[in-house]
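Student: Have a peek at coords.csv (CSV, N, CA and C atoms).
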```csv
chain,number,residue,atom,x,y,z
A,158,GLN,N,7.4,-15.8,-7.4
A,158,GLN,CA,6.8,-15.7,-6.1
A,158,GLN,C,7.4,-14.4,-5.4
A,159,VAL,N,6.5,-13.8,-4.6
A,159,VAL,CA,6.9,-12.6,-3.9
A,159,VAL,C,6.5,-12.8,-2.4
A,160,GLN,N,7.4,-12.5,-1.5
A,160,GLN,CA,7.0,-12.5,-0.1
A,160,GLN,C,7.1,-11.1,0.5
A,161,LEU,N,6.1,-10.7,1.2
A,161,LEU,CA,6.0,-9.3,1.6
A,161,LEU,C,5.9,-9.2,3.2
A,162,VAL,N,6.6,-8.3,3.7
A,162,VAL,CA,6.6,-8.0,5.2
A,162,VAL,C,6.4,-6.5,5.5
A,163,GLU,N,5.3,-6.2,6.1
A,163,GLU,CA,5.1,-4.8,6.4
A,163,GLU,C,5.6,-4.4,7.8
A,164,SER,N,6.0,-3.1,7.9
A,164,SER,CA,6.4,-2.6,9.2
A,164,SER,C,6.1,-1.1,9.2
A,165,GLY,N,6.2,-0.5,10.5
A,165,GLY,CA,6.0,0.9,10.6
A,165,GLY,C,4.7,1.3,11.2
A,166,GLY,N,3.8,0.4,11.4
A,166,GLY,CA,2.5,0.8,12.0
A,166,GLY,C,2.7,1.2,13.5
A,167,GLY,N,1.6,1.7,14.0
A,167,GLY,CA,1.6,2.1,15.4
A,167,GLY,C,0.5,3.0,15.8
A,168,LEU,N,0.6,3.6,17.0
A,168,LEU,CA,-0.4,4.5,17.5
A,168,LEU,C,0.1,5.9,17.3
A,169,VAL,N,-0.8,6.8,16.8
A,169,VAL,CA,-0.4,8.2,16.5
A,169,VAL,C,-1.7,9.0,16.7
A,170,GLN,N,-1.4,10.3,17.2
A,170,GLN,CA,-2.5,11.2,17.3
A,170,GLN,C,-3.0,11.7,16.0
A,171,ALA,N,-4.2,12.1,16.0
A,171,ALA,CA,-4.8,12.8,14.8
A,171,ALA,C,-3.9,14.0,14.4
A,172,GLY,N,-3.7,14.1,13.1
A,172,GLY,CA,-2.8,15.1,12.6
A,172,GLY,C,-1.4,14.7,12.4
A,173,GLY,N,-1.0,13.5,13.0
A,173,GLY,CA,0.3,13.0,13.0
A,173,GLY,C,0.7,12.3,11.7
A,174,SER,N,1.9,11.7,11.6
A,174,SER,CA,2.4,11.1,10.4
A,174,SER,C,3.0,9.7,10.8
A,175,LEU,N,2.9,8.8,9.9
A,175,LEU,CA,3.6,7.5,9.9
A,175,LEU,C,4.1,7.2,8.5
A,176,ARG,N,5.2,6.4,8.5
A,176,ARG,CA,5.6,5.8,7.2
A,176,ARG,C,5.7,4.3,7.3
A,177,LEU,N,4.9,3.7,6.5
A,177,LEU,CA,4.9,2.2,6.4
A,177,LEU,C,5.9,1.8,5.4
A,178,SER,N,6.5,0.6,5.7
A,178,SER,CA,7.4,0.0,4.7
A,178,SER,C,7.0,-1.4,4.4
A,179,CYS,N,7.3,-1.9,3.2
A,179,CYS,CA,6.9,-3.2,2.9
A,179,CYS,C,8.2,-3.8,2.2
A,180,ALA,N,8.8,-4.7,2.9
A,180,ALA,CA,10.0,-5.3,2.3
A,180,ALA,C,9.6,-6.6,1.6
A,181,ALA,N,10.2,-6.7,0.4
A,181,ALA,CA,9.8,-7.8,-0.5
A,181,ALA,C,11.0,-8.7,-0.8
A,182,SER,N,10.7,-9.9,-0.9
A,182,SER,CA,11.7,-10.9,-1.4
A,182,SER,C,11.2,-11.6,-2.6
A,183,GLY,N,12.0,-12.0,-3.5
A,183,GLY,CA,11.6,-12.7,-4.7
A,183,GLY,C,12.0,-11.9,-5.9
A,184,ARG,N,12.1,-12.6,-7.0
A,184,ARG,CA,12.7,-12.0,-8.2
A,184,ARG,C,11.8,-11.1,-8.9
A,185,THR,N,10.5,-11.2,-8.6
A,185,THR,CA,9.5,-10.4,-9.4
A,185,THR,C,9.2,-9.1,-8.8
A,186,PHE,N,9.7,-8.7,-7.7
A,186,PHE,CA,9.3,-7.4,-7.1
A,186,PHE,C,9.5,-6.3,-8.0
A,187,SER,N,10.7,-6.2,-8.5
A,187,SER,CA,11.1,-5.0,-9.3
A,187,SER,C,10.2,-4.9,-10.6
A,188,SER,N,9.6,-5.9,-11.0
A,188,SER,CA,8.8,-5.9,-12.2
A,188,SER,C,7.3,-5.9,-11.9
A,189,SER,N,7.0,-5.7,-10.7
A,189,SER,CA,5.6,-5.8,-10.2
A,189,SER,C,5.0,-4.5,-9.7
A,190,ALA,N,3.8,-4.1,-10.2
A,190,ALA,CA,3.1,-3.0,-9.5
A,190,ALA,C,2.8,-3.5,-8.1
A,191,MET,N,2.8,-2.5,-7.2
A,191,MET,CA,2.6,-2.8,-5.7
A,191,MET,C,1.5,-1.9,-5.2
A,192,GLY,N,0.7,-2.4,-4.3
A,192,GLY,CA,-0.4,-1.7,-3.8
A,192,GLY,C,-0.5,-1.7,-2.3
A,193,TRP,N,-1.1,-0.7,-1.7
A,193,TRP,CA,-1.5,-0.7,-0.3
A,193,TRP,C,-3.0,-0.8,-0.2
A,194,PHE,N,-3.5,-1.6,0.8
A,194,PHE,CA,-4.9,-1.7,1.1
A,194,PHE,C,-5.0,-1.6,2.6
A,195,ARG,N,-6.2,-1.4,3.1
A,195,ARG,CA,-6.5,-1.4,4.5
A,195,ARG,C,-7.8,-2.0,4.8
A,196,GLN,N,-7.9,-2.5,6.0
A,196,GLN,CA,-9.1,-3.1,6.5
A,196,GLN,C,-9.4,-2.7,7.9
A,197,ALA,N,-10.5,-2.0,8.1
A,197,ALA,CA,-10.9,-1.7,9.5
A,197,ALA,C,-11.9,-2.7,10.0
A,198,PRO,N,-12.0,-2.8,11.3
A,198,PRO,CA,-12.9,-3.9,11.9
A,198,PRO,C,-14.3,-3.8,11.3
A,199,GLY,N,-14.8,-4.9,10.9
A,199,GLY,CA,-16.2,-5.0,10.4
A,199,GLY,C,-16.4,-4.4,9.0
A,200,LYS,N,-15.3,-4.0,8.4
A,200,LYS,CA,-15.4,-3.5,7.0
A,200,LYS,C,-14.6,-4.3,6.0
A,201,GLU,N,-14.9,-4.1,4.7
A,201,GLU,CA,-14.2,-4.8,3.7
A,201,GLU,C,-12.8,-4.2,3.5
A,202,ARG,N,-11.9,-5.0,2.9
A,202,ARG,CA,-10.6,-4.5,2.6
A,202,ARG,C,-10.8,-3.4,1.5
A,203,GLU,N,-10.1,-2.3,1.6
A,203,GLU,CA,-10.3,-1.2,0.6
A,203,GLU,C,-8.9,-0.8,0.1
A,204,PHE,N,-9.0,-0.3,-1.1
A,204,PHE,CA,-7.8,0.2,-1.8
A,204,PHE,C,-7.3,1.5,-1.2
A,205,VAL,N,-6.0,1.6,-1.1
A,205,VAL,CA,-5.4,2.9,-0.6
A,205,VAL,C,-4.6,3.6,-1.7
A,206,ALA,N,-3.6,2.8,-2.3
A,206,ALA,CA,-2.7,3.4,-3.3
A,206,ALA,C,-2.1,2.3,-4.0
A,207,VAL,N,-1.6,2.6,-5.2
A,207,VAL,CA,-0.8,1.6,-6.1
A,207,VAL,C,0.2,2.4,-6.8
A,208,ILE,N,1.3,1.7,-7.1
A,208,ILE,CA,2.5,2.2,-7.9
A,208,ILE,C,2.9,1.2,-8.9
A,209,SER,N,3.3,1.7,-10.1
A,209,SER,CA,3.7,0.8,-11.1
A,209,SER,C,5.2,0.3,-10.8
A,210,TRP,N,5.6,-0.6,-11.6
A,210,TRP,CA,6.9,-1.2,-11.4
A,210,TRP,C,8.0,-0.1,-11.4
A,211,SER,N,7.9,0.9,-12.2
A,211,SER,CA,9.0,1.9,-12.3
A,211,SER,C,8.8,3.0,-11.3
A,212,GLY,N,7.6,3.1,-10.7
A,212,GLY,CA,7.4,4.2,-9.8
A,212,GLY,C,6.8,5.5,-10.5
A,213,ARG,N,6.7,5.4,-11.9
A,213,ARG,CA,6.3,6.6,-12.6
A,213,ARG,C,4.8,6.8,-12.5
A,214,SER,N,4.0,5.8,-12.3
A,214,SER,CA,2.6,5.9,-12.2
A,214,SER,C,2.1,5.5,-10.9
A,215,THR,N,1.2,6.3,-10.3
A,215,THR,CA,0.6,6.1,-9.0
A,215,THR,C,-0.9,6.4,-9.1
A,216,ARG,N,-1.7,5.8,-8.2
A,216,ARG,CA,-3.1,6.1,-8.1
A,216,ARG,C,-3.4,6.0,-6.6
A,217,TYR,N,-4.4,6.9,-6.2
A,217,TYR,CA,-4.8,6.9,-4.8
A,217,TYR,C,-6.3,6.9,-4.6
A,218,ALA,N,-6.7,6.3,-3.5
A,218,ALA,CA,-8.1,6.5,-3.2
A,218,ALA,C,-8.4,7.9,-2.9
A,219,ASP,N,-9.6,8.4,-3.1
A,219,ASP,CA,-10.0,9.8,-2.9
A,219,ASP,C,-9.8,10.1,-1.4
A,220,SER,N,-10.1,9.2,-0.6
A,220,SER,CA,-10.0,9.5,0.9
A,220,SER,C,-8.6,9.8,1.4
A,221,VAL,N,-7.6,9.4,0.6
A,221,VAL,CA,-6.2,9.7,1.1
A,221,VAL,C,-5.4,10.6,0.2
A,222,LYS,N,-6.0,11.0,-0.9
A,222,LYS,CA,-5.3,11.8,-1.9
A,222,LYS,C,-4.9,13.1,-1.3
A,223,GLY,N,-3.7,13.5,-1.5
A,223,GLY,CA,-3.1,14.7,-0.9
A,223,GLY,C,-2.6,14.5,0.5
A,224,ARG,N,-2.8,13.4,1.1
A,224,ARG,CA,-2.3,13.1,2.5
A,224,ARG,C,-1.3,12.0,2.5
A,225,PHE,N,-1.5,11.0,1.6
A,225,PHE,CA,-0.6,9.8,1.6
A,225,PHE,C,0.2,9.8,0.3
A,226,THR,N,1.4,9.3,0.4
A,226,THR,CA,2.3,9.2,-0.8
A,226,THR,C,2.9,7.8,-0.9
A,227,ILE,N,2.7,7.1,-2.0
A,227,ILE,CA,3.3,5.8,-2.2
A,227,ILE,C,4.6,6.0,-3.0
A,228,SER,N,5.6,5.2,-2.6
A,228,SER,CA,6.9,5.3,-3.4
A,228,SER,C,7.5,3.9,-3.3
A,229,ARG,N,8.6,3.7,-4.0
A,229,ARG,CA,9.3,2.5,-4.0
A,229,ARG,C,10.8,2.7,-4.3
A,230,ASP,N,11.6,1.8,-3.8
A,230,ASP,CA,13.0,1.7,-4.0
A,230,ASP,C,13.3,0.3,-4.5
A,231,ASN,N,13.4,0.1,-5.8
A,231,ASN,CA,13.6,-1.2,-6.3
A,231,ASN,C,15.0,-1.8,-5.9
A,232,ALA,N,16.0,-0.9,-5.7
A,232,ALA,CA,17.3,-1.4,-5.3
A,232,ALA,C,17.2,-2.0,-3.9
A,233,LYS,N,16.2,-1.5,-3.1
A,233,LYS,CA,16.1,-2.1,-1.7
A,233,LYS,C,14.9,-3.0,-1.6
A,234,ASN,N,14.2,-3.3,-2.7
A,234,ASN,CA,13.1,-4.2,-2.7
A,234,ASN,C,12.0,-3.7,-1.7
A,235,THR,N,11.8,-2.5,-1.7
A,235,THR,CA,10.9,-1.9,-0.6
A,235,THR,C,9.9,-0.9,-1.2
A,236,VAL,N,8.7,-1.0,-0.8
A,236,VAL,CA,7.7,0.0,-1.1
A,236,VAL,C,7.2,0.7,0.2
A,237,TYR,N,6.9,2.0,0.1
A,237,TYR,CA,6.6,2.8,1.2
A,237,TYR,C,5.3,3.4,1.1
A,238,LEU,N,4.7,3.8,2.2
A,238,LEU,CA,3.5,4.6,2.2
A,238,LEU,C,3.6,5.6,3.3
A,239,GLN,N,3.9,6.9,2.9
A,239,GLN,CA,4.0,8.0,3.8
A,239,GLN,C,2.6,8.5,4.0
A,240,MET,N,2.2,8.5,5.3
A,240,MET,CA,0.9,9.0,5.7
A,240,MET,C,1.0,10.2,6.6
A,241,ASN,N,0.4,11.3,6.1
A,241,ASN,CA,0.4,12.6,6.8
A,241,ASN,C,-1.0,13.0,7.1
A,242,THR,N,-1.1,13.9,8.1
A,242,THR,CA,-2.4,14.4,8.5
A,242,THR,C,-3.4,13.3,8.7
A,243,LEU,N,-3.0,12.4,9.5
A,243,LEU,CA,-3.8,11.2,9.8
A,243,LEU,C,-5.0,11.5,10.5
A,244,LYS,N,-6.1,10.8,10.2
A,244,LYS,CA,-7.4,11.0,10.9
A,244,LYS,C,-7.8,9.7,11.6
A,245,PRO,N,-8.7,9.8,12.5
A,245,PRO,CA,-9.2,8.6,13.2
A,245,PRO,C,-9.8,7.5,12.2
A,246,GLU,N,-10.4,8.0,11.2
A,246,GLU,CA,-10.9,7.1,10.2
A,246,GLU,C,-9.9,6.4,9.4
A,247,ASP,N,-8.6,6.7,9.5
A,247,ASP,CA,-7.5,6.0,8.9
A,247,ASP,C,-7.1,4.7,9.7
A,248,THR,N,-7.7,4.6,10.8
A,248,THR,CA,-7.4,3.4,11.7
A,248,THR,C,-7.8,2.1,11.0
A,249,ALA,N,-6.8,1.2,10.8
A,249,ALA,CA,-7.1,0.0,10.1
A,249,ALA,C,-5.8,-0.9,10.2
A,250,VAL,N,-5.9,-2.1,9.7
A,250,VAL,CA,-4.7,-2.9,9.4
A,250,VAL,C,-4.4,-2.6,7.9
A,251,TYR,N,-3.1,-2.3,7.7
A,251,TYR,CA,-2.7,-1.9,6.4
A,251,TYR,C,-1.9,-3.1,5.8
A,252,TYR,N,-2.2,-3.4,4.6
A,252,TYR,CA,-1.5,-4.5,3.9
A,252,TYR,C,-0.9,-4.0,2.6
A,253,CYS,N,0.3,-4.5,2.3
A,253,CYS,CA,0.9,-4.3,1.0
A,253,CYS,C,0.7,-5.6,0.2
A,254,ALA,N,0.6,-5.4,-1.1
A,254,ALA,CA,0.3,-6.5,-2.0
A,254,ALA,C,1.0,-6.3,-3.4
A,255,ALA,N,1.3,-7.4,-4.0
A,255,ALA,CA,1.9,-7.3,-5.3
A,255,ALA,C,1.0,-7.9,-6.4
A,256,THR,N,1.0,-7.3,-7.6
A,256,THR,CA,0.1,-7.8,-8.6
A,256,THR,C,0.8,-8.8,-9.5
A,257,GLY,N,2.2,-8.8,-9.5
A,257,GLY,CA,2.8,-9.7,-10.4
A,257,GLY,C,2.9,-9.2,-11.9
A,258,ARG,N,2.2,-8.0,-12.1
A,258,ARG,CA,2.2,-7.3,-13.4
A,258,ARG,C,2.9,-6.0,-13.2
A,259,ALA,N,3.5,-5.5,-14.3
A,259,ALA,CA,4.3,-4.3,-14.3
A,259,ALA,C,3.5,-3.0,-14.2
A,260,TYR,N,2.4,-3.0,-15.0
A,260,TYR,CA,1.7,-1.7,-15.2
A,260,TYR,C,0.4,-1.7,-14.4
A,261,LEU,N,-0.1,-0.5,-14.2
A,261,LEU,CA,-1.4,-0.4,-13.6
A,261,LEU,C,-2.5,-0.7,-14.6
A,262,ARG,N,-3.6,-1.2,-14.1
A,262,ARG,CA,-4.8,-1.5,-14.9
A,262,ARG,C,-6.0,-0.9,-14.2
A,263,ASP,N,-7.1,-0.9,-14.9
A,263,ASP,CA,-8.4,-0.4,-14.3
A,263,ASP,C,-8.7,-1.2,-13.1
A,264,SER,N,-8.3,-2.5,-13.1
A,264,SER,CA,-8.6,-3.4,-12.0
A,264,SER,C,-7.6,-3.3,-10.8
A,265,SER,N,-6.7,-2.3,-10.9
A,265,SER,CA,-5.7,-2.2,-9.9
A,265,SER,C,-6.3,-1.8,-8.5
A,266,TYR,N,-7.5,-1.3,-8.5
A,266,TYR,CA,-8.2,-0.9,-7.3
A,266,TYR,C,-8.8,-2.2,-6.6
A,267,SER,N,-8.8,-3.3,-7.2
A,267,SER,CA,-9.5,-4.5,-6.7
A,267,SER,C,-8.5,-5.4,-6.0
A,268,PRO,N,-8.8,-5.8,-4.8
A,268,PRO,CA,-7.9,-6.8,-4.1
A,268,PRO,C,-7.7,-8.1,-5.0
A,269,ASN,N,-8.7,-8.4,-5.8
A,269,ASN,CA,-8.6,-9.6,-6.6
A,269,ASN,C,-7.4,-9.5,-7.6
A,270,GLU,N,-6.9,-8.3,-7.9
A,270,GLU,CA,-5.8,-8.2,-8.8
A,270,GLU,C,-4.5,-8.6,-8.2
A,271,TYR,N,-4.4,-8.9,-6.9
A,271,TYR,CA,-3.2,-9.0,-6.2
A,271,TYR,C,-3.1,-10.5,-5.6
A,272,PRO,N,-2.2,-11.3,-6.2
A,272,PRO,CA,-2.1,-12.7,-5.7
A,272,PRO,C,-1.2,-12.8,-4.5
A,273,TYR,N,-0.4,-11.7,-4.2
A,273,TYR,CA,0.6,-11.8,-3.1
A,273,TYR,C,0.3,-10.7,-2.1
A,274,TRP,N,0.3,-11.1,-0.8
A,274,TRP,CA,-0.1,-10.2,0.3
A,274,TRP,C,0.9,-10.4,1.5
A,275,GLY,N,1.1,-9.3,2.2
A,275,GLY,CA,1.8,-9.3,3.4
A,275,GLY,C,0.8,-9.7,4.6
A,276,GLN,N,1.4,-9.7,5.8
A,276,GLN,CA,0.5,-10.1,6.9
A,276,GLN,C,-0.2,-8.9,7.6
A,277,GLY,N,0.2,-7.7,7.2
A,277,GLY,CA,-0.5,-6.5,7.7
A,277,GLY,C,0.2,-5.9,8.9
A,278,THR,N,0.0,-4.6,9.0
A,278,THR,CA,0.5,-3.8,10.2
A,278,THR,C,-0.6,-2.9,10.6
A,279,GLN,N,-0.8,-2.8,12.0
A,279,GLN,CA,-1.9,-2.1,12.6
A,279,GLN,C,-1.5,-0.6,12.6
A,280,VAL,N,-2.4,0.3,12.2
A,280,VAL,CA,-2.3,1.7,12.3
A,280,VAL,C,-3.5,2.2,13.1
A,281,THR,N,-3.3,2.9,14.2
A,281,THR,CA,-4.3,3.4,15.1
A,281,THR,C,-4.1,4.9,15.3
A,282,VAL,N,-5.2,5.6,14.9
A,282,VAL,CA,-5.1,7.1,15.0
A,282,VAL,C,-6.1,7.5,16.1
A,283,SER,N,-5.6,8.1,17.1
A,283,SER,CA,-6.5,8.6,18.2
A,283,SER,C,-6.9,10.0,18.0
A,284,SER,N,-8.1,10.3,18.5
A,284,SER,CA,-8.6,11.7,18.3
A,284,SER,C,-8.3,12.6,19.4
```
As structure tokens, how would this structure be written, given the file I've shared?

Tutor:
Amino acid sequence: QVQLVESGGGLVQAGGSLRLSCAASGRTFSSSAMGWFRQAPGKEREFVAVISWSGRSTRYADSVKGRFTISRDNAKNTVYLQMNTLKPEDTAVYYCAATGRAYLRDSSYSPNEYPYWGQGTQVTVSS
């Protein structure tokens, strides 16, 4: 079992930065790939980024590539999402999630791959 708690969301102007954190509890965090997803009002939950258990492998949605960076600190049971050059279209509730599997798969982009979810943190980017 993994329990996840996100923090770090807020209101920021376009072009600004935020760093989201996801604190995990449970024995399986360090052996689990971790992902970030987001959901804007009226839209489906979409993939943002994923990182393997070791941190050596990462993948990003095209819409955030070059602006967002996912990282993890297994000693602190925490995964991060550094978001730079934020745009109004980045406004959403951001969720972290755990796969329970160590490595990335082709299905790592799908929310269905993740049985464990946090409660989400709101990010609002003003123009």

Student: Out of A:Thr278, A:Gln160, A:Thr215, A:Ser283, which residue has the shortest atom-to-atom distance to Glu246 (chain A) when counting all atoms listed in the file?

Tutor: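 Between A:Thr278, A:Gln160, A:Thr215, A:Ser283, the residue approaching Glu246 (chain A) most closely is A:Ser283.
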
Student: Could you give me the residues within region 219-251 of chain A that DSSP places in strand (DSSP E or B), as an MDAnalysis selection string?

Tutor: chainID A and resid 225:230 235:240 249:251

Student: Near region 248-265 of chain A, within 8 Å and counting only N, CA and C atoms, which residues show up once chain neighbours fewer than 6 positions away are dropped, as a CSV table (one decimal) with N, CA and C atoms, in the frame of the given file?

Tutor:
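Output below, filename result31.csv:
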```
chain,number,residue,atom,x,y,z
A,159,VAL,N,6.5,-13.8,-4.6
A,159,VAL,CA,6.9,-12.6,-3.9
A,159,VAL,C,6.5,-12.8,-2.4
A,161,LEU,N,6.1,-10.7,1.2
A,161,LEU,CA,6.0,-9.3,1.6
A,161,LEU,C,5.9,-9.2,3.2
A,162,VAL,N,6.6,-8.3,3.7
A,162,VAL,CA,6.6,-8.0,5.2
A,162,VAL,C,6.4,-6.5,5.5
A,163,GLU,N,5.3,-6.2,6.1
A,163,GLU,CA,5.1,-4.8,6.4
A,163,GLU,C,5.6,-4.4,7.8
A,166,GLY,N,3.8,0.4,11.4
A,166,GLY,CA,2.5,0.8,12.0
A,166,GLY,C,2.7,1.2,13.5
A,178,SER,N,6.5,0.6,5.7
A,178,SER,CA,7.4,0.0,4.7
A,178,SER,C,7.0,-1.4,4.4
A,179,CYS,N,7.3,-1.9,3.2
A,179,CYS,CA,6.9,-3.2,2.9
A,179,CYS,C,8.2,-3.8,2.2
A,185,THR,N,10.5,-11.2,-8.6
A,185,THR,CA,9.5,-10.4,-9.4
A,185,THR,C,9.2,-9.1,-8.8
A,186,PHE,N,9.7,-8.7,-7.7
A,186,PHE,CA,9.3,-7.4,-7.1
A,186,PHE,C,9.5,-6.3,-8.0
A,187,SER,N,10.7,-6.2,-8.5
A,187,SER,CA,11.1,-5.0,-9.3
A,187,SER,C,10.2,-4.9,-10.6
A,188,SER,N,9.6,-5.9,-11.0
A,188,SER,CA,8.8,-5.9,-12.2
A,188,SER,C,7.3,-5.9,-11.9
A,189,SER,N,7.0,-5.7,-10.7
A,189,SER,CA,5.6,-5.8,-10.2
A,189,SER,C,5.0,-4.5,-9.7
A,190,ALA,N,3.8,-4.1,-10.2
A,190,ALA,CA,3.1,-3.0,-9.5
A,190,ALA,C,2.8,-3.5,-8.1
A,191,MET,N,2.8,-2.5,-7.2
A,191,MET,CA,2.6,-2.8,-5.7
A,191,MET,C,1.5,-1.9,-5.2
A,192,GLY,N,0.7,-2.4,-4.3
A,192,GLY,CA,-0.4,-1.7,-3.8
A,192,GLY,C,-0.5,-1.7,-2.3
A,193,TRP,N,-1.1,-0.7,-1.7
A,193,TRP,CA,-1.5,-0.7,-0.3
A,193,TRP,C,-3.0,-0.8,-0.2
A,194,PHE,N,-3.5,-1.6,0.8
A,194,PHE,CA,-4.9,-1.7,1.1
A,194,PHE,C,-5.0,-1.6,2.6
A,195,ARG,N,-6.2,-1.4,3.1
A,195,ARG,CA,-6.5,-1.4,4.5
A,195,ARG,C,-7.8,-2.0,4.8
A,196,GLN,N,-7.9,-2.5,6.0
A,196,GLN,CA,-9.1,-3.1,6.5
A,196,GLN,C,-9.4,-2.7,7.9
A,197,ALA,N,-10.5,-2.0,8.1
A,197,ALA,CA,-10.9,-1.7,9.5
A,197,ALA,C,-11.9,-2.7,10.0
A,198,PRO,N,-12.0,-2.8,11.3
A,198,PRO,CA,-12.9,-3.9,11.9
A,198,PRO,C,-14.3,-3.8,11.3
A,204,PHE,N,-9.0,-0.3,-1.1
A,204,PHE,CA,-7.8,0.2,-1.8
A,204,PHE,C,-7.3,1.5,-1.2
A,206,ALA,N,-3.6,2.8,-2.3
A,206,ALA,CA,-2.7,3.4,-3.3
A,206,ALA,C,-2.1,2.3,-4.0
A,207,VAL,N,-1.6,2.6,-5.2
A,207,VAL,CA,-0.8,1.6,-6.1
A,207,VAL,C,0.2,2.4,-6.8
A,208,ILE,N,1.3,1.7,-7.1
A,208,ILE,CA,2.5,2.2,-7.9
A,208,ILE,C,2.9,1.2,-8.9
A,209,SER,N,3.3,1.7,-10.1
A,209,SER,CA,3.7,0.8,-11.1
A,209,SER,C,5.2,0.3,-10.8
A,210,TRP,N,5.6,-0.6,-11.6
A,210,TRP,CA,6.9,-1.2,-11.4
A,210,TRP,C,8.0,-0.1,-11.4
A,211,SER,N,7.9,0.9,-12.2
A,211,SER,CA,9.0,1.9,-12.3
A,211,SER,C,8.8,3.0,-11.3
A,214,SER,N,4.0,5.8,-12.3
A,214,SER,CA,2.6,5.9,-12.2
A,214,SER,C,2.1,5.5,-10.9
A,215,THR,N,1.2,6.3,-10.3
A,215,THR,CA,0.6,6.1,-9.0
A,215,THR,C,-0.9,6.4,-9.1
A,271,TYR,N,-4.4,-8.9,-6.9
A,271,TYR,CA,-3.2,-9.0,-6.2
A,271,TYR,C,-3.1,-10.5,-5.6
A,272,PRO,N,-2.2,-11.3,-6.2
A,272,PRO,CA,-2.1,-12.7,-5.7
A,272,PRO,C,-1.2,-12.8,-4.5
A,273,TYR,N,-0.4,-11.7,-4.2
A,273,TYR,CA,0.6,-11.8,-3.1
A,273,TYR,C,0.3,-10.7,-2.1
A,274,TRP,N,0.3,-11.1,-0.8
A,274,TRP,CA,-0.1,-10.2,0.3
A,274,TRP,C,0.9,-10.4,1.5
A,275,GLY,N,1.1,-9.3,2.2
A,275,GLY,CA,1.8,-9.3,3.4
A,275,GLY,C,0.8,-9.7,4.6
A,276,GLN,N,1.4,-9.7,5.8
A,276,GLN,CA,0.5,-10.1,6.9
A,276,GLN,C,-0.2,-8.9,7.6
A,277,GLY,N,0.2,-7.7,7.2
A,277,GLY,CA,-0.5,-6.5,7.7
A,277,GLY,C,0.2,-5.9,8.9
A,278,THR,N,0.0,-4.6,9.0
A,278,THR,CA,0.5,-3.8,10.2
A,278,THR,C,-0.6,-2.9,10.6
A,279,GLN,N,-0.8,-2.8,12.0
A,279,GLN,CA,-1.9,-2.1,12.6
A,279,GLN,C,-1.5,-0.6,12.6
A,280,VAL,N,-2.4,0.3,12.2
A,280,VAL,CA,-2.3,1.7,12.3
A,280,VAL,C,-3.5,2.2,13.1
A,281,THR,N,-3.3,2.9,14.2
A,281,THR,CA,-4.3,3.4,15.1
A,281,THR,C,-4.1,4.9,15.3
A,282,VAL,N,-5.2,5.6,14.9
A,282,VAL,CA,-5.1,7.1,15.0
A,282,VAL,C,-6.1,7.5,16.1
A,283,SER,N,-5.6,8.1,17.1
A,283,SER,CA,-6.5,8.6,18.2
A,283,SER,C,-6.9,10.0,18.0
```

Student: Got a sec: who's within 6.5 Å of Gln239 (chain A), counting only N, CA and C atoms, leaving out chain neighbours fewer than 6 positions off, as a list of chain:residue names?

Tutor: A:Leu175, A:Arg176, A:Leu177, A:Arg224, A:Phe225, A:Thr226, A:Ile227, A:Ser228

Student: Go ahead and write the selection's residues with N, CA and C atoms as a PDB file, in the coordinates of the input.

Tutor:
```
ATOM      1  N   LEU A 175       2.900   8.800   9.900  1.00  0.00           N
ATOM      2  CA  LEU A 175       3.600   7.500   9.900  1.00  0.00           C
ATOM      3  C   LEU A 175       4.100   7.200   8.500  1.00  0.00           C
ATOM      4  N   ARG A 176       5.200   6.400   8.500  1.00  0.00           N
ATOM      5  CA  ARG A 176       5.600   5.800   7.200  1.00  0.00           C
ATOM      6  C   ARG A 176       5.700   4.300   7.300  1.00  0.00           C
ATOM      7  N   LEU A 177       4.900   3.700   6.500  1.00  0.00           N
ATOM      8  CA  LEU A 177       4.900   2.200   6.400  1.00  0.00           C
ATOM      9  C   LEU A 177       5.900   1.800   5.400  1.00  0.00           C
ATOM     10  N   ARG A 224      -2.800  13.400   1.100  1.00  0.00           N
ATOM     11  CA  ARG A 224      -2.300  13.100   2.500  1.00  0.00           C
ATOM     12  C   ARG A 224      -1.300  12.000   2.500  1.00  0.00           C
ATOM     13  N   PHE A 225      -1.500  11.000   1.600  1.00  0.00           N
ATOM     14  CA  PHE A 225      -0.600   9.800   1.600  1.00  0.00           C
ATOM     15  C   PHE A 225       0.200   9.800   0.300  1.00  0.00           C
ATOM     16  N   THR A 226       1.400   9.300   0.400  1.00  0.00           N
ATOM     17  CA  THR A 226       2.300   9.200  -0.800  1.00  0.00           C
ATOM     18  C   THR A 226       2.900   7.800  -0.900  1.00  0.00           C
ATOM     19  N   ILE A 227       2.700   7.100  -2.000  1.00  0.00           N
ATOM     20  CA  ILE A 227       3.300   5.800  -2.200  1.00  0.00           C
ATOM     21  C   ILE A 227       4.600   6.000  -3.000  1.00  0.00           C
ATOM     22  N   SER A 228       5.600   5.200  -2.600  1.00  0.00           N
ATOM     23  CA  SER A 228       6.900   5.300  -3.400  1.00  0.00           C
ATOM     24  C   SER A 228       7.500   3.900  -3.300  1.00  0.00           C
TER      25      SER A 228
END
```

Student: Rank nothing, just name the residue among A:Gly183, A:Gly173, A:Pro268, A:Gly167 nearest to Thr242 (chain A), using all atoms listed in the file.

Tutor: A:Gly173

Student: Using all atoms listed in the file for the distances, tell me which of A:Lys200, A:Lys222, A:Arg216, A:Ala181 is nearest to Val236 (chain A).

Tutor: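 The shortest atom-to-atom distance to Val236 (chain A) comes from A:Ala181.
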
Student: Mind pulling up the distance from CA of Ser267 (chain A) to atom C of Ala232 (chain A)?

Tutor: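 Distance between the two atoms: 27.0 Å.
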
Student: Closest to Ala180 (chain A) among A:Met240, A:Ser164, A:Glu201, A:Val221, using all atoms listed in the file?

Tutor: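 Closest to Ala180 (chain A) of all the choices is A:Ser164.
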